[in-house]
Structures are given as C-alpha cells and as structure tokens.
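Single-structure report; data block below.
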Amino acid sequence: MDPQQLRTFLAVVDHCSFSAAARGLGYTQSAVSQHIAALEADLDAPLVTRRPVTPTEAGERLLEHARPLLLRLDAARADIARLRMAHPERLAVACAPGALTPAVADALVRARTAAPQLAVSVQVGARSEAVQAVLAGAADLALIDGAAAPSDPLPLPDTGPLTAFAIAQEPLAVLLPATHPLAGRSALRLPDLAAARWIDAPDAAVPLAQLRAAAQSDGFGPQLSYTGSDTKALGALVAANAGLATVALPMAAGMPGVAAVPITEPRLVHRTELLHPRNPTAPAAELAETLRLA
C-alpha cells in the first residue's frame, strides 16, 4: 500500500468529502479520486461510498491500520532526522492540558534563560496529539496525563521507541457543583458515582472510558460532550450542573461554584508523564533531566 494513498484515504474519510480532502491536501479532486481508486484496486475492495462519502466495512477495517501505520512511518522519518541535528536551536514541547504544571513552566523559563538563542514553544492540545507530535518530530518532548494506579504507567500507543517516566503524581478528585448533595464529603468512592450524570471531556478531564475500567462498571454515561481542553470552561459546565468530571485535585483550585472531592476507591492518582524519543536533542534531554529531578 502506498503511504500517500493511505493519507488521501484518511483525508477523504475525515472530511467526508473528496473535494474537501483535495483542498486540505493541496491536490485536485481528480488526483484524490485516482488515489482512492488505486488503493481500492490494490486491496480489491471498495473503501468508501460516494454519496454520502462514508467508509465501507472494508474501509472501517483499513482505518484501524492506516493511522498507526502512517504514524509509525512519520516516527521513523523523525528518528533518522534527529541524528543529523548536531546543534538544535529549538525546544518544542507538546502538552496535554493537565500536564502543564507550574514545575514544567518554571523549567521552560529556566531553559530559555540559560540559552537565549533557543526557540522555545509550547503547544497544548489533546493527549493523543501530544504523543503524535513527539513521534513525528513536530515536538521534542511531550507531557501527557491521566488516571492510573499509583505504580502503573500510562498506556501508550505502540508506534515506536519512546522513553517515558513520571514527573508528578497527584490526588484525583471528582468535580461537583457546589450545591451537589455530595459536595461536602471528605472523600468519594468512584463506583458509587457510576449512575451519575457525567461530562465527556476526554482532553480536559479523565476520559470516561478510564473511569469505567477503573470502577469495573458500564456506567459513567455522558450527559454532555465537551471537546475543548480548557479546564476553566469545564469547571463552568460542572458548576452549571451539566455533569461531573474527574481531574487532578490541584486543577480544581479557583473554579467558582465547584467542589472537588478526592477519590479514595479504587486507588487512583493523576499521573503526569514526560515522553521523549530514544535519541532526544540536547535541549530536550536537559529539560527532561531537570523535570526528572524536580
């Protein structure tokens, strides 16, 4: 399978349109159609329907493979490119929203002060995007967070060699409206909240799938979906009684109208991990060592 044809296939599926995919890729619509036709001929199966543009059963199956394959190719290219970077002049960090802690901010400022010529940048976005950025070379290191047992690492995609280690572990808390009957509790059991109304905010809070797995429950149904990464906006939704959410306890500080109650069962922590390639640039390695020792 040709990687460029796979990228075109993903663009068509993501845009639900051949013409929109062509604009996004900078191709003509005819070229996009040719890529899809060639890929379908290669696999001897129709991959997308035309009206409407949606993946077929074979296309859905190909989607399961295409993104990891292309990410692995990007990771291989970035891994080789890093070998040629004798004197890197940038320090690009990709962060999940809950991973940009005061310690990380202080370390970035110190790195910039120590090397005035260094171009330091921070990109905050979805956890998956942070991992992809460091694998593909768009970032020099990534900071991600999530819920885990106190001694367990966060799950990572099998897309290439990465070094990962924890830089922080904090108590995990449920966010409730200040007027909620449970807001005055000193602690809560997660399984007791399975039937509550929740906000599905995978980039700003602990994903609901992780809560279901931790509580061994099919509950935690979403009352509302929030696709942003702004934790203050998430707090506003909780305060308005849109649903509950789970974040690191310190992240709840300063959220008006919100009560943060620690979770005591099961034993979970909010874990922040730093990821970097096997052969990090010198600035990335120095920042990683600073945060490891912090």
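In the structure tokens, the first chain shown is A, the next is B, and so on; residue numbers restart at 1 for each chain, and ligands run from 1 in the order shown.
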
Legend entry - Residues within 12 Å of Phe9 (chain A), only C-alpha atoms, excluding chain neighbours under 2 positions, as number ranges by chain: A: 1-7, 11-18, 21-22, 25, 31-40, 46-49, 53-56, 59-60, 62-63, 65-67, 70

Inset, instruction - Write down as JSON, numbers by chain the residues belonging to region 8-199 of chain A that are assigned helix (DSSP H, G or I) by DSSP computed on the backbone. - result: {"A": [8, 9, 10, 11, 12, 13, 14, 15, 18, 19, 20, 21, 22, 23, 24, 25, 29, 30, 31, 32, 33, 34, 35, 36, 37, 38, 39, 40, 41, 42, 43, 57, 58, 59, 60, 61, 62, 63, 64, 65, 66, 67, 68, 69, 70, 71, 72, 73, 74, 75, 76, 77, 78, 79, 80, 81, 82, 83, 97, 98, 99, 102, 103, 104, 105, 106, 107, 108, 109, 110, 111, 112, 113, 114, 127, 128, 129, 130, 131, 132, 133, 134, 135, 136, 190, 191, 192, 193]}

Could those selected residues go to a file with C-alpha atoms, as a JSON list (two decimals), in the first residue's frame?
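Writing done, so here's part-v9.json:
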[["chain", "number", "residue", "atom", "x", "y", "z"],
["A", 8, "THR", "CA", -5.53, 10.57, 0.94],
["A", 9, "PHE", "CA", -7.92, 7.89, 2.16],
["A", 10, "LEU", "CA", -7.79, 9.26, 5.70],
["A", 11, "ALA", "CA", -8.37, 12.81, 4.45],
["A", 12, "VAL", "CA", -11.44, 11.71, 2.48],
["A", 13, "VAL", "CA", -12.87, 9.88, 5.49],
["A", 14, "ASP", "CA", -12.08, 12.72, 7.91],
["A", 15, "HIS", "CA", -13.62, 15.37, 5.64],
["A", 18, "PHE", "CA", -13.48, 14.21, -1.94],
["A", 19, "SER", "CA", -13.44, 17.93, -2.75],
["A", 20, "ALA", "CA", -12.71, 19.00, 0.85],
["A", 21, "ALA", "CA", -9.96, 16.39, 1.09],
["A", 22, "ALA", "CA", -8.45, 17.73, -2.14],
["A", 23, "ARG", "CA", -8.43, 21.28, -0.76],
["A", 24, "GLY", "CA", -6.87, 20.13, 2.51],
["A", 25, "LEU", "CA", -4.14, 18.15, 0.76],
["A", 29, "GLN", "CA", -10.21, 16.38, -6.90],
["A", 30, "SER", "CA", -9.25, 14.15, -9.82],
["A", 31, "ALA", "CA", -5.97, 13.23, -8.09],
["A", 32, "VAL", "CA", -7.82, 12.33, -4.90],
["A", 33, "SER", "CA", -10.21, 10.12, -6.85],
["A", 34, "GLN", "CA", -7.27, 8.43, -8.56],
["A", 35, "HIS", "CA", -5.59, 7.73, -5.21],
["A", 36, "ILE", "CA", -8.73, 6.15, -3.79],
["A", 37, "ALA", "CA", -9.33, 4.12, -6.96],
["A", 38, "ALA", "CA", -5.74, 2.85, -6.94],
["A", 39, "LEU", "CA", -5.96, 1.88, -3.26],
["A", 40, "GLU", "CA", -9.26, 0.08, -3.83],
["A", 41, "ALA", "CA", -7.73, -1.77, -6.79],
["A", 42, "ASP", "CA", -4.69, -2.71, -4.68],
["A", 43, "LEU", "CA", -6.87, -4.12, -1.90],
["A", 57, "GLU", "CA", -16.90, -2.20, 6.03],
["A", 58, "ALA", "CA", -13.52, -2.73, 4.38],
["A", 59, "GLY", "CA", -12.77, 0.96, 4.80],
["A", 60, "GLU", "CA", -13.57, 0.82, 8.50],
["A", 61, "ARG", "CA", -11.19, -2.11, 8.86],
["A", 62, "LEU", "CA", -8.47, -0.25, 6.97],
["A", 63, "LEU", "CA", -8.90, 2.76, 9.27],
["A", 64, "GLU", "CA", -7.83, 0.60, 12.21],
["A", 65, "HIS", "CA", -4.47, 0.06, 10.49],
["A", 66, "ALA", "CA", -3.91, 3.23, 8.49],
["A", 67, "ARG", "CA", -3.39, 5.77, 11.28],
["A", 68, "PRO", "CA", -0.89, 3.64, 13.28],
["A", 69, "LEU", "CA", 0.97, 2.71, 10.07],
["A", 70, "LEU", "CA", 1.35, 6.31, 8.95],
["A", 71, "LEU", "CA", 2.31, 7.47, 12.42],
["A", 72, "ARG", "CA", 4.99, 4.77, 12.57],
["A", 73, "LEU", "CA", 6.35, 5.93, 9.22],
["A", 74, "ASP", "CA", 6.44, 9.53, 10.45],
["A", 75, "ALA", "CA", 8.17, 8.36, 13.63],
["A", 76, "ALA", "CA", 10.84, 6.52, 11.62],
["A", 77, "ARG", "CA", 11.50, 9.60, 9.47],
["A", 78, "ALA", "CA", 11.74, 11.85, 12.54],
["A", 79, "ASP", "CA", 14.03, 9.38, 14.33],
["A", 80, "ILE", "CA", 16.52, 9.47, 11.45],
["A", 81, "ALA", "CA", 16.25, 13.24, 11.07],
["A", 82, "ARG", "CA", 17.21, 13.75, 14.73],
["A", 83, "LEU", "CA", 20.54, 12.01, 14.08],
["A", 97, "PRO", "CA", -3.88, 20.48, 29.29],
["A", 98, "GLY", "CA", -3.46, 18.87, 32.70],
["A", 99, "ALA", "CA", 0.26, 18.25, 32.21],
["A", 102, "PRO", "CA", 3.99, 25.10, 37.48],
["A", 103, "ALA", "CA", 7.14, 22.95, 37.66],
["A", 104, "VAL", "CA", 7.08, 22.47, 33.88],
["A", 105, "ALA", "CA", 6.54, 26.19, 33.29],
["A", 106, "ASP", "CA", 9.44, 27.08, 35.61],
["A", 107, "ALA", "CA", 11.74, 24.58, 33.88],
["A", 108, "LEU", "CA", 10.88, 26.01, 30.45],
["A", 109, "VAL", "CA", 11.64, 29.55, 31.59],
["A", 110, "ARG", "CA", 14.99, 28.43, 33.06],
["A", 111, "ALA", "CA", 15.86, 26.64, 29.80],
["A", 112, "ARG", "CA", 15.10, 29.78, 27.79],
["A", 113, "THR", "CA", 17.10, 31.98, 30.19],
["A", 114, "ALA", "CA", 20.11, 29.66, 30.07],
["A", 127, "ARG", "CA", -3.17, 13.82, 24.75],
["A", 128, "SER", "CA", -3.08, 11.78, 21.55],
["A", 129, "GLU", "CA", -1.89, 14.82, 19.59],
["A", 130, "ALA", "CA", 0.96, 15.39, 22.06],
["A", 131, "VAL", "CA", 2.18, 11.81, 21.62],
["A", 132, "GLN", "CA", 1.88, 12.03, 17.84],
["A", 133, "ALA", "CA", 3.78, 15.33, 17.80],
["A", 134, "VAL", "CA", 6.83, 13.91, 19.55],
["A", 135, "LEU", "CA", 6.78, 10.71, 17.47],
["A", 136, "ALA", "CA", 6.55, 12.62, 14.19],
["A", 190, "LEU", "CA", -15.79, 6.06, 42.25],
["A", 191, "PRO", "CA", -18.10, 3.03, 41.81],
["A", 192, "ASP", "CA", -20.80, 4.86, 43.80],
["A", 193, "LEU", "CA", -20.91, 7.52, 41.07]]

Inset, instruction - Go through A:Cys95, A:Leu224, A:Ala294, A:Ala288 one by one, measure the shortest atom-to-atom distance of each to Ala201 (chain A) using only C-alpha atoms, and give the residue with the smallest value. - result: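 For Ala201 (chain A), the nearest of the candidates is A:Leu224.
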
Legend entry - Nearest-residue call for Gly146 (chain A), choices A:Leu175, A:Pro283, A:Gly221, A:Glu273, using only C-alpha atoms: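 Smallest separation from Gly146 (chain A) among the options: A:Glu273.
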
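If you count only C-alpha atoms and ignore residues fewer than 3 places along the chain from Gly257 (chain A), what sits within 12 Å of it is Leu175, Leu176, Pro177, Ala178, Thr179, His180, Ala183, Lys232, Leu234, Gly235, Ala236, Leu237, Val238, Ala239, Ala240, Asn241, Ala252, Ala253, Gly254 and Ala260 of chain A.
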
Print the selection's residues with all heavy atoms to a file, as a short mmCIF file (atom, residue, chain, number, x, y, z; two decimals), in the first residue's frame.
data_model
loop_
_atom_site.label_atom_id
_atom_site.label_comp_id
_atom_site.auth_asym_id
_atom_site.auth_seq_id
_atom_site.Cartn_x
_atom_site.Cartn_y
_atom_site.Cartn_z
N LEU A 175 -15.15 16.52 40.32
CA LEU A 175 -15.69 17.88 40.32
C LEU A 175 -17.22 17.80 40.38
O LEU A 175 -17.84 17.14 39.53
CB LEU A 175 -15.27 18.64 39.07
CG LEU A 175 -13.78 18.83 38.82
CD1 LEU A 175 -13.56 19.66 37.57
CD2 LEU A 175 -13.10 19.49 40.02
N LEU A 176 -17.81 18.46 41.37
CA LEU A 176 -19.26 18.51 41.52
C LEU A 176 -19.70 19.97 41.66
O LEU A 176 -18.92 20.81 42.12
CB LEU A 176 -19.73 17.73 42.75
CG LEU A 176 -19.24 16.31 42.97
CD1 LEU A 176 -18.08 16.30 43.93
CD2 LEU A 176 -20.37 15.45 43.51
N PRO A 177 -20.95 20.26 41.30
CA PRO A 177 -21.45 21.61 41.62
C PRO A 177 -21.40 21.83 43.14
O PRO A 177 -21.60 20.89 43.92
CB PRO A 177 -22.90 21.57 41.12
CG PRO A 177 -22.96 20.44 40.16
CD PRO A 177 -21.95 19.44 40.62
N ALA A 178 -21.13 23.04 43.55
CA ALA A 178 -21.02 23.33 44.98
C ALA A 178 -22.30 23.02 45.73
O ALA A 178 -22.27 22.77 46.94
CB ALA A 178 -20.63 24.80 45.18
N THR A 179 -23.42 23.00 45.01
CA THR A 179 -24.71 22.71 45.65
C THR A 179 -25.08 21.23 45.62
O THR A 179 -26.15 20.84 46.08
CB THR A 179 -25.83 23.50 44.93
OG1 THR A 179 -25.81 23.18 43.52
CG2 THR A 179 -25.62 25.00 45.10
N HIS A 180 -24.21 20.40 45.09
CA HIS A 180 -24.49 18.96 44.98
C HIS A 180 -24.55 18.34 46.38
O HIS A 180 -23.79 18.73 47.29
CB HIS A 180 -23.39 18.28 44.17
CG HIS A 180 -23.73 16.90 43.70
ND1 HIS A 180 -23.68 15.80 44.52
CD2 HIS A 180 -24.15 16.45 42.49
CE1 HIS A 180 -24.02 14.72 43.83
NE2 HIS A 180 -24.31 15.08 42.60
N ALA A 183 -21.21 17.32 47.78
CA ALA A 183 -20.12 18.30 47.72
C ALA A 183 -19.40 18.46 49.04
O ALA A 183 -18.23 18.85 49.08
CB ALA A 183 -20.66 19.64 47.25
N LYS A 232 -10.91 25.52 32.82
CA LYS A 232 -11.80 26.51 33.44
C LYS A 232 -13.19 26.45 32.82
O LYS A 232 -14.20 26.58 33.51
CB LYS A 232 -11.21 27.91 33.29
CG LYS A 232 -9.97 28.15 34.15
CD LYS A 232 -9.51 29.59 34.08
CE LYS A 232 -8.31 29.83 34.99
NZ LYS A 232 -7.83 31.24 34.93
N LEU A 234 -14.44 23.76 31.56
CA LEU A 234 -15.00 22.53 32.10
C LEU A 234 -15.60 22.79 33.48
O LEU A 234 -16.70 22.32 33.81
CB LEU A 234 -13.92 21.45 32.19
CG LEU A 234 -14.34 20.13 32.83
CD1 LEU A 234 -15.42 19.44 32.02
CD2 LEU A 234 -13.12 19.21 32.99
N GLY A 235 -14.89 23.55 34.32
CA GLY A 235 -15.40 23.89 35.64
C GLY A 235 -16.70 24.66 35.57
O GLY A 235 -17.60 24.46 36.38
N ALA A 236 -16.81 25.56 34.58
CA ALA A 236 -18.05 26.33 34.42
C ALA A 236 -19.22 25.41 34.09
O ALA A 236 -20.35 25.61 34.57
CB ALA A 236 -17.87 27.39 33.34
N LEU A 237 -18.96 24.40 33.27
CA LEU A 237 -20.02 23.44 32.93
C LEU A 237 -20.43 22.63 34.15
O LEU A 237 -21.62 22.38 34.37
CB LEU A 237 -19.53 22.52 31.81
CG LEU A 237 -19.37 23.15 30.43
CD1 LEU A 237 -18.67 22.19 29.48
CD2 LEU A 237 -20.73 23.55 29.87
N VAL A 238 -19.45 22.22 34.95
CA VAL A 238 -19.78 21.47 36.17
C VAL A 238 -20.59 22.35 37.11
O VAL A 238 -21.60 21.90 37.68
CB VAL A 238 -18.49 20.98 36.87
CG1 VAL A 238 -18.81 20.38 38.24
CG2 VAL A 238 -17.78 19.94 36.01
N ALA A 239 -20.17 23.58 37.30
CA ALA A 239 -20.88 24.50 38.20
C ALA A 239 -22.32 24.72 37.75
O ALA A 239 -23.21 24.93 38.58
CB ALA A 239 -20.14 25.83 38.28
N ALA A 240 -22.56 24.64 36.44
CA ALA A 240 -23.90 24.84 35.90
C ALA A 240 -24.73 23.57 35.94
O ALA A 240 -25.83 23.53 35.40
CB ALA A 240 -23.82 25.35 34.47
N ASN A 241 -24.18 22.52 36.58
CA ASN A 241 -24.90 21.25 36.74
C ASN A 241 -25.05 20.50 35.42
O ASN A 241 -26.02 19.78 35.21
CB ASN A 241 -26.27 21.46 37.38
CG ASN A 241 -26.78 20.20 38.07
OD1 ASN A 241 -25.99 19.37 38.53
ND2 ASN A 241 -28.09 20.04 38.13
N ALA A 252 -8.49 21.91 40.34
CA ALA A 252 -9.80 22.44 40.71
C ALA A 252 -9.70 23.77 41.45
O ALA A 252 -10.72 24.43 41.66
CB ALA A 252 -10.55 21.42 41.57
N ALA A 253 -8.50 24.15 41.84
CA ALA A 253 -8.35 25.39 42.60
C ALA A 253 -8.81 26.59 41.78
O ALA A 253 -8.47 26.75 40.61
CB ALA A 253 -6.88 25.58 43.00
N GLY A 254 -9.62 27.42 42.40
CA GLY A 254 -10.08 28.64 41.74
C GLY A 254 -11.24 28.47 40.79
O GLY A 254 -11.59 29.40 40.07
N ALA A 260 -14.41 20.07 44.77
CA ALA A 260 -13.54 18.98 44.36
C ALA A 260 -13.38 18.01 45.52
O ALA A 260 -12.85 18.38 46.57
CB ALA A 260 -12.18 19.51 43.92
#

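Put simply, CA of Ser229 (chain A) is 26.3 Å away from CA of Gln216 (chain A).
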